[in-house]
Amino acid sequence: MLCFAGSGALVVLAAAFSSEYVRGPDGDSDTRGMGLGRVYRSDGNWYREIATNGYAYSPDRRSNVTFFPLYPLSGRIVREITGLSAEASLLVVSNFALALSFFLLLAYARDRFPEAPAASGLFVLLSFGLYPVTFFFRMPYTESLFFGLVLTAFLGMRRGWAPIWVAAIVGLATAARPVGIALVPAFLAHLWFRRTSVPAFLGRSLLLLPVCAWGLLAYMVYLWGTFDDPFAFALNQQHWHFLPKAAIEDRLPSLMALEPFWGYIDPESPFHCSGRHYLEPSVFSAPIMDRLGFVAWAGLTVVGWRKRWLSCEELLLSIGLVGMAYTLRGYEMGFFSMGRFTSVAFPIYLVCGRLLAAAPLALSVSLLSLSGFFLAAYTALFAAGYMLI
């Protein structure tokens with residue numbers, strides 16, 4: 001709770017600082033003070049609309065069906081029970097899920113590394129709480145709820161829960177975000193390592209696969225019954241992009257060459273920064289934040305694999321979550337939001353915590369302080385209206 005509250009206080013103070021001292025993208029101060037409106041940007045506004053008015057769909061323009069239902073539905077339930085506004089209810093869901101995630105992460109880290117020094121668990125929590133991009137976890141976004149479900153599923157696998165219950169949690173995660181499907185390979189690997197025979201594994205997998213996707217399937221049934229199109233959430237993605245949608249034969253070579261990543265600094269690349277972002281290229285701009293987050297994710301994942309700190313299931317999850325986001329949306333979105341997408345890959349915090357626990361204390365404190373500084377900086381910029389998505 002101290003790690004949750006301490007890192008949360010840093011976010012609140014940064015937002016307060018922003019309201020007084022940070023000018024917005026138009027050069028003017030934000031006049032909304034410290035109201036909840038300061039944190040309702042981009043996706044948050046869409047979730048508020050769903051929680052308030054429900055879903056709407058038009059095939060020829062951006063529609064809110066692209067946002068999965070678990071988070072706004074949870075906010076709506078909190079609103080009905082408590083009488084709070086939709087804005088406050090969504091923030092309650094985000095921060096309650098985040099607080100629970102701190103407990104789940106510590107429990108999982110202790111189960112995974114019982115031989116690690118006692119300080120290792122603390123460093124795992126600090127790595128997570130002060131990771132710069134996790135300011136989104138405290139905003140009206142789905143990250144914290146999804147993160148908590150991922151941790152619950154992995155803790156269940158670790159502690160030997162009945163596979164049907166783990167599959168049900170995986171299915172619930174698919175109702176929070178489409179990349180919840182990335183949990184399925186990790187769950188199948190879990191079943192494989194605990195098989196009694198190959199036929200038994202195949203039979204159990206076939207029975208549990210529909211359960212692993214029940215949230216996604218339920219949403220598709222809803223879309224089918226309401227808008228006569230079960231794939232409306234996917235088809236409407238064509239209206240959510242920074243670059244024109246390209247044919248697969250053009251997109252695939254670019255993705256394989258990582259052009260969305262490095263094209264930001266190439267004037268000849270369609271991914272070049274000029275004219276597309278509010279901030280000039282710097283460590284405080286969204287494109288650099290996304291690329292630093294991606295590099296941190298890749299580096300920590302490789303270290304975890306090389307040192308055998310990460311299990312097969314954890315590697316499959318980490319690569320699956322980021323790989324799906326990059327492959328499906330990395331081109332059209334110009335690598336935007338990749339930093340946020342990498343932040344839900346919880347294995348990176350396990351690796352970071354172990355590295356910090358083994359490093360000299362002064363170095364660990366310095367790195368965490370630097371990370372906390374960027375957490376506060378990104379929060380202040382987001383609250384001021386800069387496009388961090």
# chains A, B, ... in the order shown; residues from 1 in each chain; ligands from 1
$ closest_atom_pairs --of "stretch 50-122 of chain A" --to "stretch 172-184 of chain A" --cutoff "12 Å" --atoms "only C-alpha atoms" --output "tab-separated table"
residue	atom	partner	partner_atom	distance
A:Val65	CA	A:Arg177	CA	12.0
A:Thr66	CA	A:Pro178	CA	9.4
A:Phe67	CA	A:Arg177	CA	7.7
A:Phe68	CA	A:Ala176	CA	5.5
A:Pro69	CA	A:Ala175	CA	6.1
A:Leu70	CA	A:Ala176	CA	4.9
A:Tyr71	CA	A:Ala176	CA	6.2
A:Pro72	CA	A:Ala176	CA	9.2
A:Leu73	CA	A:Ala176	CA	9.9
A:Ser74	CA	A:Ala176	CA	10.2
$ residues_around --residues "A:Ile348" --least-positions-apart "3" --cutoff "12 Å" --atoms "only C-alpha atoms" --output "PyMOL selection string"
chain A and resi 105+109+124-125+127-128+131+293-305+309-310+314-315+317-319+322+342-345+351-355
$ residues_around --residues "A:Leu252" --least-positions-apart "3" --cutoff "12 Å" --atoms "only C-alpha atoms" --output "PyMOL selection string"
chain A and resi 246-249+255-260+326-332
$ residues_around --residues "stretch 61-64 of chain A" --least-positions-apart "3" --cutoff "12 Å" --atoms "only C-alpha atoms" --output "PyMOL selection string"
chain A and resi 42-51+53-58+67-69+72+223+227+232-241
$ decode --residues "stretch 208-258 of chain A" --atoms "N, CA and C atoms" --output "PDB file, in the first residue's frame"
ATOM      1  N   LEU A 208     -11.203 -26.116 -23.222  1.00  0.00           N
ATOM      2  CA  LEU A 208     -11.000 -24.859 -22.503  1.00  0.00           C
ATOM      3  C   LEU A 208     -10.780 -23.653 -23.420  1.00  0.00           C
ATOM      4  N   LEU A 209     -10.435 -23.875 -24.671  1.00  0.00           N
ATOM      5  CA  LEU A 209     -10.181 -22.738 -25.565  1.00  0.00           C
ATOM      6  C   LEU A 209     -11.383 -21.796 -25.684  1.00  0.00           C
ATOM      7  N   PRO A 210     -12.605 -22.311 -25.854  1.00  0.00           N
ATOM      8  CA  PRO A 210     -13.746 -21.373 -25.894  1.00  0.00           C
ATOM      9  C   PRO A 210     -13.910 -20.589 -24.597  1.00  0.00           C
ATOM     10  N   VAL A 211     -13.577 -21.216 -23.470  1.00  0.00           N
ATOM     11  CA  VAL A 211     -13.670 -20.511 -22.182  1.00  0.00           C
ATOM     12  C   VAL A 211     -12.642 -19.390 -22.134  1.00  0.00           C
ATOM     13  N   CYS A 212     -11.467 -19.633 -22.720  1.00  0.00           N
ATOM     14  CA  CYS A 212     -10.404 -18.621 -22.737  1.00  0.00           C
ATOM     15  C   CYS A 212     -10.789 -17.380 -23.546  1.00  0.00           C
ATOM     16  N   ALA A 213     -11.796 -17.497 -24.379  1.00  0.00           N
ATOM     17  CA  ALA A 213     -12.199 -16.365 -25.222  1.00  0.00           C
ATOM     18  C   ALA A 213     -13.637 -15.945 -24.950  1.00  0.00           C
ATOM     19  N   TRP A 214     -14.195 -16.346 -23.798  1.00  0.00           N
ATOM     20  CA  TRP A 214     -15.619 -16.095 -23.594  1.00  0.00           C
ATOM     21  C   TRP A 214     -15.946 -14.597 -23.554  1.00  0.00           C
ATOM     22  N   GLY A 215     -15.060 -13.776 -23.044  1.00  0.00           N
ATOM     23  CA  GLY A 215     -15.320 -12.339 -23.004  1.00  0.00           C
ATOM     24  C   GLY A 215     -15.390 -11.740 -24.395  1.00  0.00           C
ATOM     25  N   LEU A 216     -14.431 -12.090 -25.228  1.00  0.00           N
ATOM     26  CA  LEU A 216     -14.436 -11.621 -26.610  1.00  0.00           C
ATOM     27  C   LEU A 216     -15.658 -12.137 -27.353  1.00  0.00           C
ATOM     28  N   LEU A 217     -15.978 -13.415 -27.177  1.00  0.00           N
ATOM     29  CA  LEU A 217     -17.133 -13.997 -27.863  1.00  0.00           C
ATOM     30  C   LEU A 217     -18.440 -13.333 -27.410  1.00  0.00           C
ATOM     31  N   ALA A 218     -18.547 -13.052 -26.114  1.00  0.00           N
ATOM     32  CA  ALA A 218     -19.753 -12.386 -25.612  1.00  0.00           C
ATOM     33  C   ALA A 218     -19.903 -10.992 -26.215  1.00  0.00           C
ATOM     34  N   TYR A 219     -18.788 -10.278 -26.338  1.00  0.00           N
ATOM     35  CA  TYR A 219     -18.846  -8.944 -26.944  1.00  0.00           C
ATOM     36  C   TYR A 219     -19.250  -9.039 -28.410  1.00  0.00           C
ATOM     37  N   MET A 220     -18.736 -10.029 -29.119  1.00  0.00           N
ATOM     38  CA  MET A 220     -19.107 -10.212 -30.521  1.00  0.00           C
ATOM     39  C   MET A 220     -20.592 -10.542 -30.664  1.00  0.00           C
ATOM     40  N   VAL A 221     -21.114 -11.348 -29.758  1.00  0.00           N
ATOM     41  CA  VAL A 221     -22.552 -11.649 -29.785  1.00  0.00           C
ATOM     42  C   VAL A 221     -23.365 -10.377 -29.556  1.00  0.00           C
ATOM     43  N   TYR A 222     -22.918  -9.556 -28.612  1.00  0.00           N
ATOM     44  CA  TYR A 222     -23.600  -8.280 -28.362  1.00  0.00           C
ATOM     45  C   TYR A 222     -23.592  -7.399 -29.615  1.00  0.00           C
ATOM     46  N   LEU A 223     -22.434  -7.272 -30.251  1.00  0.00           N
ATOM     47  CA  LEU A 223     -22.335  -6.447 -31.456  1.00  0.00           C
ATOM     48  C   LEU A 223     -23.206  -7.005 -32.575  1.00  0.00           C
ATOM     49  N   TRP A 224     -23.264  -8.313 -32.667  1.00  0.00           N
ATOM     50  CA  TRP A 224     -24.092  -8.959 -33.688  1.00  0.00           C
ATOM     51  C   TRP A 224     -25.580  -8.653 -33.456  1.00  0.00           C
ATOM     52  N   GLY A 225     -25.996  -8.775 -32.192  1.00  0.00           N
ATOM     53  CA  GLY A 225     -27.398  -8.537 -31.897  1.00  0.00           C
ATOM     54  C   GLY A 225     -27.782  -7.071 -31.961  1.00  0.00           C
ATOM     55  N   THR A 226     -26.847  -6.177 -31.623  1.00  0.00           N
ATOM     56  CA  THR A 226     -27.164  -4.751 -31.557  1.00  0.00           C
ATOM     57  C   THR A 226     -26.927  -4.025 -32.879  1.00  0.00           C
ATOM     58  N   PHE A 227     -25.820  -4.348 -33.551  1.00  0.00           N
ATOM     59  CA  PHE A 227     -25.443  -3.623 -34.770  1.00  0.00           C
ATOM     60  C   PHE A 227     -25.376  -4.532 -35.996  1.00  0.00           C
ATOM     61  N   ASP A 228     -25.764  -5.793 -35.831  1.00  0.00           N
ATOM     62  CA  ASP A 228     -25.796  -6.753 -36.921  1.00  0.00           C
ATOM     63  C   ASP A 228     -24.420  -6.985 -37.535  1.00  0.00           C
ATOM     64  N   ASP A 229     -23.369  -6.823 -36.713  1.00  0.00           N
ATOM     65  CA  ASP A 229     -22.004  -7.040 -37.212  1.00  0.00           C
ATOM     66  C   ASP A 229     -21.112  -7.458 -36.051  1.00  0.00           C
ATOM     67  N   PRO A 230     -20.818  -8.752 -35.914  1.00  0.00           N
ATOM     68  CA  PRO A 230     -19.997  -9.203 -34.780  1.00  0.00           C
ATOM     69  C   PRO A 230     -18.557  -8.711 -34.844  1.00  0.00           C
ATOM     70  N   PHE A 231     -18.111  -8.259 -36.021  1.00  0.00           N
ATOM     71  CA  PHE A 231     -16.728  -7.805 -36.174  1.00  0.00           C
ATOM     72  C   PHE A 231     -16.632  -6.278 -36.253  1.00  0.00           C
ATOM     73  N   ALA A 232     -17.646  -5.598 -35.763  1.00  0.00           N
ATOM     74  CA  ALA A 232     -17.649  -4.129 -35.841  1.00  0.00           C
ATOM     75  C   ALA A 232     -16.437  -3.529 -35.154  1.00  0.00           C
ATOM     76  N   PHE A 233     -16.005  -4.118 -34.033  1.00  0.00           N
ATOM     77  CA  PHE A 233     -14.853  -3.588 -33.284  1.00  0.00           C
ATOM     78  C   PHE A 233     -13.580  -3.629 -34.120  1.00  0.00           C
ATOM     79  N   ALA A 234     -13.451  -4.652 -34.970  1.00  0.00           N
ATOM     80  CA  ALA A 234     -12.257  -4.786 -35.812  1.00  0.00           C
ATOM     81  C   ALA A 234     -12.370  -3.941 -37.073  1.00  0.00           C
ATOM     82  N   LEU A 235     -13.538  -3.944 -37.696  1.00  0.00           N
ATOM     83  CA  LEU A 235     -13.714  -3.195 -38.939  1.00  0.00           C
ATOM     84  C   LEU A 235     -13.586  -1.696 -38.709  1.00  0.00           C
ATOM     85  N   ASN A 236     -14.012  -1.213 -37.557  1.00  0.00           N
ATOM     86  CA  ASN A 236     -13.956   0.220 -37.297  1.00  0.00           C
ATOM     87  C   ASN A 236     -12.535   0.713 -37.057  1.00  0.00           C
ATOM     88  N   GLN A 237     -11.581  -0.211 -36.869  1.00  0.00           N
ATOM     89  CA  GLN A 237     -10.190   0.187 -36.683  1.00  0.00           C
ATOM     90  C   GLN A 237      -9.635   0.929 -37.889  1.00  0.00           C
ATOM     91  N   GLN A 238     -10.262   0.755 -39.063  1.00  0.00           N
ATOM     92  CA  GLN A 238      -9.765   1.444 -40.253  1.00  0.00           C
ATOM     93  C   GLN A 238      -9.851   2.959 -40.124  1.00  0.00           C
ATOM     94  N   HIS A 239     -10.651   3.445 -39.191  1.00  0.00           N
ATOM     95  CA  HIS A 239     -10.774   4.887 -38.986  1.00  0.00           C
ATOM     96  C   HIS A 239      -9.867   5.409 -37.881  1.00  0.00           C
ATOM     97  N   TRP A 240      -9.116   4.502 -37.246  1.00  0.00           N
ATOM     98  CA  TRP A 240      -8.240   4.899 -36.146  1.00  0.00           C
ATOM     99  C   TRP A 240      -6.788   4.710 -36.596  1.00  0.00           C
ATOM    100  N   HIS A 241      -6.218   5.762 -37.152  1.00  0.00           N
ATOM    101  CA  HIS A 241      -4.840   5.639 -37.637  1.00  0.00           C
ATOM    102  C   HIS A 241      -4.238   7.017 -37.831  1.00  0.00           C
ATOM    103  N   PHE A 242      -2.920   7.053 -37.874  1.00  0.00           N
ATOM    104  CA  PHE A 242      -2.188   8.264 -38.232  1.00  0.00           C
ATOM    105  C   PHE A 242      -1.699   8.207 -39.669  1.00  0.00           C
ATOM    106  N   LEU A 243      -1.488   6.996 -40.178  1.00  0.00           N
ATOM    107  CA  LEU A 243      -1.048   6.798 -41.551  1.00  0.00           C
ATOM    108  C   LEU A 243      -2.118   6.038 -42.317  1.00  0.00           C
ATOM    109  N   PRO A 244      -2.211   6.242 -43.626  1.00  0.00           N
ATOM    110  CA  PRO A 244      -3.195   5.490 -44.411  1.00  0.00           C
ATOM    111  C   PRO A 244      -2.934   3.995 -44.300  1.00  0.00           C
ATOM    112  N   LYS A 245      -4.004   3.239 -44.291  1.00  0.00           N
ATOM    113  CA  LYS A 245      -3.875   1.792 -44.201  1.00  0.00           C
ATOM    114  C   LYS A 245      -3.193   1.271 -45.458  1.00  0.00           C
ATOM    115  N   ALA A 246      -2.182   0.422 -45.269  1.00  0.00           N
ATOM    116  CA  ALA A 246      -1.399  -0.096 -46.385  1.00  0.00           C
ATOM    117  C   ALA A 246      -1.744  -1.561 -46.640  1.00  0.00           C
ATOM    118  N   ALA A 247      -1.491  -1.988 -47.851  1.00  0.00           N
ATOM    119  CA  ALA A 247      -1.687  -3.397 -48.195  1.00  0.00           C
ATOM    120  C   ALA A 247      -0.682  -4.243 -47.426  1.00  0.00           C
ATOM    121  N   ILE A 248      -1.024  -5.495 -47.216  1.00  0.00           N
ATOM    122  CA  ILE A 248      -0.185  -6.376 -46.418  1.00  0.00           C
ATOM    123  C   ILE A 248       1.203  -6.522 -47.012  1.00  0.00           C
ATOM    124  N   GLU A 249       1.301  -6.502 -48.363  1.00  0.00           N
ATOM    125  CA  GLU A 249       2.612  -6.665 -48.989  1.00  0.00           C
ATOM    126  C   GLU A 249       3.506  -5.443 -48.781  1.00  0.00           C
ATOM    127  N   ASP A 250       2.898  -4.284 -48.474  1.00  0.00           N
ATOM    128  CA  ASP A 250       3.677  -3.093 -48.151  1.00  0.00           C
ATOM    129  C   ASP A 250       3.942  -2.991 -46.653  1.00  0.00           C
ATOM    130  N   ARG A 251       2.971  -3.392 -45.874  1.00  0.00           N
ATOM    131  CA  ARG A 251       3.078  -3.247 -44.420  1.00  0.00           C
ATOM    132  C   ARG A 251       4.039  -4.254 -43.809  1.00  0.00           C
ATOM    133  N   LEU A 252       3.995  -5.490 -44.265  1.00  0.00           N
ATOM    134  CA  LEU A 252       4.786  -6.544 -43.637  1.00  0.00           C
ATOM    135  C   LEU A 252       6.291  -6.305 -43.718  1.00  0.00           C
ATOM    136  N   PRO A 253       6.858  -5.950 -44.892  1.00  0.00           N
ATOM    137  CA  PRO A 253       8.311  -5.678 -44.927  1.00  0.00           C
ATOM    138  C   PRO A 253       8.708  -4.520 -44.013  1.00  0.00           C
ATOM    139  N   SER A 254       7.848  -3.503 -43.935  1.00  0.00           N
ATOM    140  CA  SER A 254       8.146  -2.367 -43.065  1.00  0.00           C
ATOM    141  C   SER A 254       8.163  -2.787 -41.606  1.00  0.00           C
ATOM    142  N   LEU A 255       7.194  -3.604 -41.213  1.00  0.00           N
ATOM    143  CA  LEU A 255       7.148  -4.074 -39.831  1.00  0.00           C
ATOM    144  C   LEU A 255       8.347  -4.949 -39.509  1.00  0.00           C
ATOM    145  N   MET A 256       8.717  -5.847 -40.439  1.00  0.00           N
ATOM    146  CA  MET A 256       9.844  -6.744 -40.200  1.00  0.00           C
ATOM    147  C   MET A 256      11.152  -5.974 -40.091  1.00  0.00           C
ATOM    148  N   ALA A 257      11.260  -4.862 -40.810  1.00  0.00           N
ATOM    149  CA  ALA A 257      12.466  -4.031 -40.751  1.00  0.00           C
ATOM    150  C   ALA A 257      12.435  -3.044 -39.584  1.00  0.00           C
ATOM    151  N   LEU A 258      11.368  -3.097 -38.770  1.00  0.00           N
ATOM    152  CA  LEU A 258      11.190  -2.182 -37.631  1.00  0.00           C
ATOM    153  C   LEU A 258      11.166  -0.717 -38.065  1.00  0.00           C
TER     154      LEU A 258
END
